[in-house]
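Here is the structure we will look at.
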Amino acid sequence: EPVIVWFRQDLRLSDNPALLAARDSDRPVLPVFILDLESPGAWAPGPASLWWLHHSLESLSRDLEETGARLWLGKGKADEIIPALAREVQASAVYWNRRYEPWAIARDSRLKSALKQDGVEVRSFNAGLLIEPWDISTNEGKPYRVYTPFWKSLKAKGDPRAPGPRVERLDFYGGAPESDALSDWNLLPAKPDWAGGLRETWTPGEAGAHTRLETFLDERIADYDSARNRPGIAGTSGLSAHLHHGEISPHQVWHAVKARAGGSLSKGEDSFLSEIGWREFCYNLLYHFPEFPEENYQDKFDAFPWKENEDALTAWKKGLTGYPIVDAGMRQLWETGWMHNRVRMIAGSFLVKDLMIDWRRGEDWFWHTLVDADLANNAAGWQWIAGSGADAAPFFRIFNPVSQGEKFDAQGRYVRRWVPEIAGLPDAFIHKPWEADRETLRKAGVTLGKTYPRPIVDHKQARERALEAWNEIKDAA
Ligand code: FAD
């Protein structure tokens with residue numbers, strides 16, 4: 001009577017509470033993964049995320065083989081496949097680690113009752129958050145809506161639990177029906193193969209996650225506080241997609257940082273952990289306000305006069321807006337499946353405020369193109385940028401793409417890397433090619449409107465237009 005361990009967003013063997021409990025159950029273990037693209041509806045993982053998933057599952061399968069087990073793969077609605085599989089192998093129990101997306105909570109509770117009706121034991125565990133959203137609230141017992149007190153309160157609870165050990169051996173249950181082959185799922189792009197830049201940039205899987213963390217702790221965390229805002233250098237951890245897929249847990253990250261820090265945290269360490277805190281806060285918002293990914297958190301934004309402008313939206317997606325820092329970000333996203341946080345804010349602000357395009361269009365594009373696409377973090381990021389969220393940047397703070405570029409990419413390294421057609425411009429014009437004189441442009445081999453676009457909107461005018469729209473809605477209840 002095996003225990004089924006259902007892997008989901010916890011694609012790792014170390015610090016995996018569900019797997020550990022199954023190992024210690026004295027029963028044979030059947031590890032499974034279900035590709036369930038139906039239950040999430042509109043929030044089924046996008047192509048970049050599926051690319052990552054493919055490689056992460058490859059890595060997990062290899063790691064499981066070393067323990068003596070084989071990962072069983074099935075495709076379809078998990079709340080149908082799991083009960084059927086449990087019946088077929090006469091499983092005594094199904095264990096999994098929790099997810100927090102509204103669709104996942106709904107599906108998992110359906111599944112739980114179905115299994116219980118069949119007399120199958122169900123246990124779910126915490127594996128992906130430092131604190132369960134229902135275990136933290138304000139003095140009035142309400143969910144936090146503001147980050148700073150949330151983070152203070154989380155830290156005041158002391159260190160989160162220490163990470164669990166790695167599972168080295170499993171008593172594998174070999175009687176399962178035939179599994180799908182990963183390659184049958186066609187998760188990788190074929191024609192055209194757009195994943196070259198992703199392959200060059202990332203190593204999905206648990207080992208890759210730990211290498212990233214180690215490199216970051218060895219080389220970058222000391223300067224993180226200042227370097228994290230400079231997109232032209234590798235100043236951040238690059239852990240987001242690993243964390244999203246659960247190849248590493250926030251507990252492992254937390255304790256690794258603390259172990260290096262010894263007594264008190266340096267500025268870089270403190271600032272890094274507070275970003276891990278933002279992730280917790282985003283999940284807290286998603287759990288308590290489940291309509292957050294689709295609806296303005298602040299109702300008054302429902303009346304905002306968003307514009308339908310397919311041409312502008314396409315220019316934004318392709319990195320052809322004529323604003324170098326925006327274009328660099330959008331191209332980095334397309335090439336590598338990731339964009340630097342500072343530039344996510346600049347490019348996001350440009351879409352929502354300069355182009356006045358609904359933040360949900362940006363959220364959707366990011367969802368398709370990011371390897372770290374995450375319902376909680378993405379929705380919170382977009383609502384923050386739009387000003388419509390909880391604890392969001394006020395709408396009237398509109399990022400200036402030129403001064404942001406000049407401040408955070410002063411030597412233009414980032415722009416030159418991703419927008420090579422203007423790389424020959426001197427630093428003084430790298431963020432505003434339209435201000436360069438003819439001779440300078442000629443020397444740099446730039447013909448505006450031909451080799452690189454002129455700005456699709458004038459920022460100053462666009463800013464005024466956005467503020468007028470804001471004035472119309474800002475006093476609404
Ligand atoms: P680091 O700076 O090394 O941070 C460490 C970890 O902390 C990250 O891996 C991430 O898990 C977490 N983190 C950092 N910043 C944030 C943040 N602002 N909000 C929540 N968690 C954070 N992050 C995603 O993981 N998935 C998304 O889909 C996503 N969409 C975003 C959309 C917009 C419009 C914006 C402005 C931000 C978005 N972010 C998203 C947050 C942030 O940009 C990324 O987490 C970060 O850039 C990932 O790079 P890193 O791992 O090197 O980050």
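Quick note on naming: the chains in the structure tokens go A, B, ... in the order shown, residues restart at 1 in each chain, and ligands are numbered from 1 in order of appearance.
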Q) Given a cut-off of 6 Å, what residues near ligand 1 show up using only C-alpha atoms and all ligand atoms, put as number ranges by chain? A) A: 236-240, 243, 275-276, 278-279, 340-341, 344-345, 348, 372-374, 377-378, 381-382
Residue neighbourhood A:Glu88, 12 Å, only C-alpha atoms, exclusion window fewer than 6 positions, as a PDB file with N, CA and C atoms, in the first residue's frame:
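This is the output file out-v4.pdb:
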ATOM      1  N   GLU A   1       0.845  -1.209   0.000  1.00  0.00           N
ATOM      2  CA  GLU A   1       0.000   0.000   0.000  1.00  0.00           C
ATOM      3  C   GLU A   1       0.876   1.252   0.000  1.00  0.00           C
ATOM      4  N   PRO A   2       1.207   1.735  -1.182  1.00  0.00           N
ATOM      5  CA  PRO A   2       2.191   2.826  -1.267  1.00  0.00           C
ATOM      6  C   PRO A   2       1.648   4.170  -0.813  1.00  0.00           C
ATOM      7  N   ILE A   4       1.639   7.930  -2.185  1.00  0.00           N
ATOM      8  CA  ILE A   4       1.925   8.751  -3.368  1.00  0.00           C
ATOM      9  C   ILE A   4       2.430  10.115  -2.891  1.00  0.00           C
ATOM     10  N   ILE A  81      -6.910  12.479 -12.097  1.00  0.00           N
ATOM     11  CA  ILE A  81      -5.838  11.493 -12.278  1.00  0.00           C
ATOM     12  C   ILE A  81      -5.371  10.901 -10.954  1.00  0.00           C
ATOM     13  N   ILE A  82      -5.215  11.736  -9.956  1.00  0.00           N
ATOM     14  CA  ILE A  82      -4.668  11.246  -8.677  1.00  0.00           C
ATOM     15  C   ILE A  82      -5.605  10.216  -8.025  1.00  0.00           C
ATOM     16  N   ASP A 118     -12.592   7.919  -0.572  1.00  0.00           N
ATOM     17  CA  ASP A 118     -12.067   6.599  -0.948  1.00  0.00           C
ATOM     18  C   ASP A 118     -11.267   5.961   0.186  1.00  0.00           C
ATOM     19  N   GLY A 175       4.950  -0.725  -8.797  1.00  0.00           N
ATOM     20  CA  GLY A 175       3.789  -1.331  -9.455  1.00  0.00           C
ATOM     21  C   GLY A 175       2.861  -0.370 -10.170  1.00  0.00           C
ATOM     22  N   ALA A 176       3.335   0.850 -10.445  1.00  0.00           N
ATOM     23  CA  ALA A 176       2.443   1.839 -11.064  1.00  0.00           C
ATOM     24  C   ALA A 176       2.177   1.502 -12.526  1.00  0.00           C
ATOM     25  N   PRO A 177       1.037   1.942 -13.062  1.00  0.00           N
ATOM     26  CA  PRO A 177       0.783   1.760 -14.494  1.00  0.00           C
ATOM     27  C   PRO A 177       1.788   2.565 -15.316  1.00  0.00           C
ATOM     28  N   GLU A 178       1.718   2.400 -16.618  1.00  0.00           N
ATOM     29  CA  GLU A 178       2.713   3.059 -17.473  1.00  0.00           C
ATOM     30  C   GLU A 178       2.653   4.585 -17.328  1.00  0.00           C
TER      31      GLU A 178
END
Q: Per DSSP on the backbone, filter stretch 34-230 of chain A down to the residues in strand (DSSP E or B) and report them as JSON, numbers by chain.
A: {"A": [34, 35, 72, 73, 74, 75, 93, 94, 95, 96, 97, 121, 122, 123, 124, 125, 166, 172]}
Q) Hey, what does DSSP flag as alpha helix (DSSP H) within stretch 56-222 of chain A? Can you give it to me as a PyMOL selection string? A) chain A and resi 56-67+78-88+102-117+147-156+196-201+206-215
Q: Please provide as a VMD selection string all residues within 9 Å of stretch 250-265 of chain A, with the sequence filter that same-chain residues fewer than 6 positions apart are discarded (counting only C-alpha atoms).
A: chain A and resid 15 127 to 130 159 to 164 213 to 214 217 243 272 to 273 276
Q. Nearest to A:Arg397 among A:Leu467, A:Leu425, A:Ala42, A:Leu37, with distances taken over only C-alpha atoms: which residue is it?
A.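 The shortest atom-to-atom distance to A:Arg397 comes from A:Leu467.
With only C-alpha atoms as the atoms that count, the residue of A:Tyr414, A:Phe304, A:Asp223, A:Trp359 with the shortest distance to A:Arg342 is A:Tyr414.
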**Q.** Close residues, stretch 59-73 of chain A itself excluded, 9 Å, only C-alpha atoms, min 5 positions apart in chain, as a VMD selection string
**A.** chain A and resid 11 to 13 29 to 35 54 167 to 174 176 to 182 204 to 207 247
Q) By how many Å are atom CA of A:Thr321 and atom CA of A:Pro401 apart? A) 11.0 Å
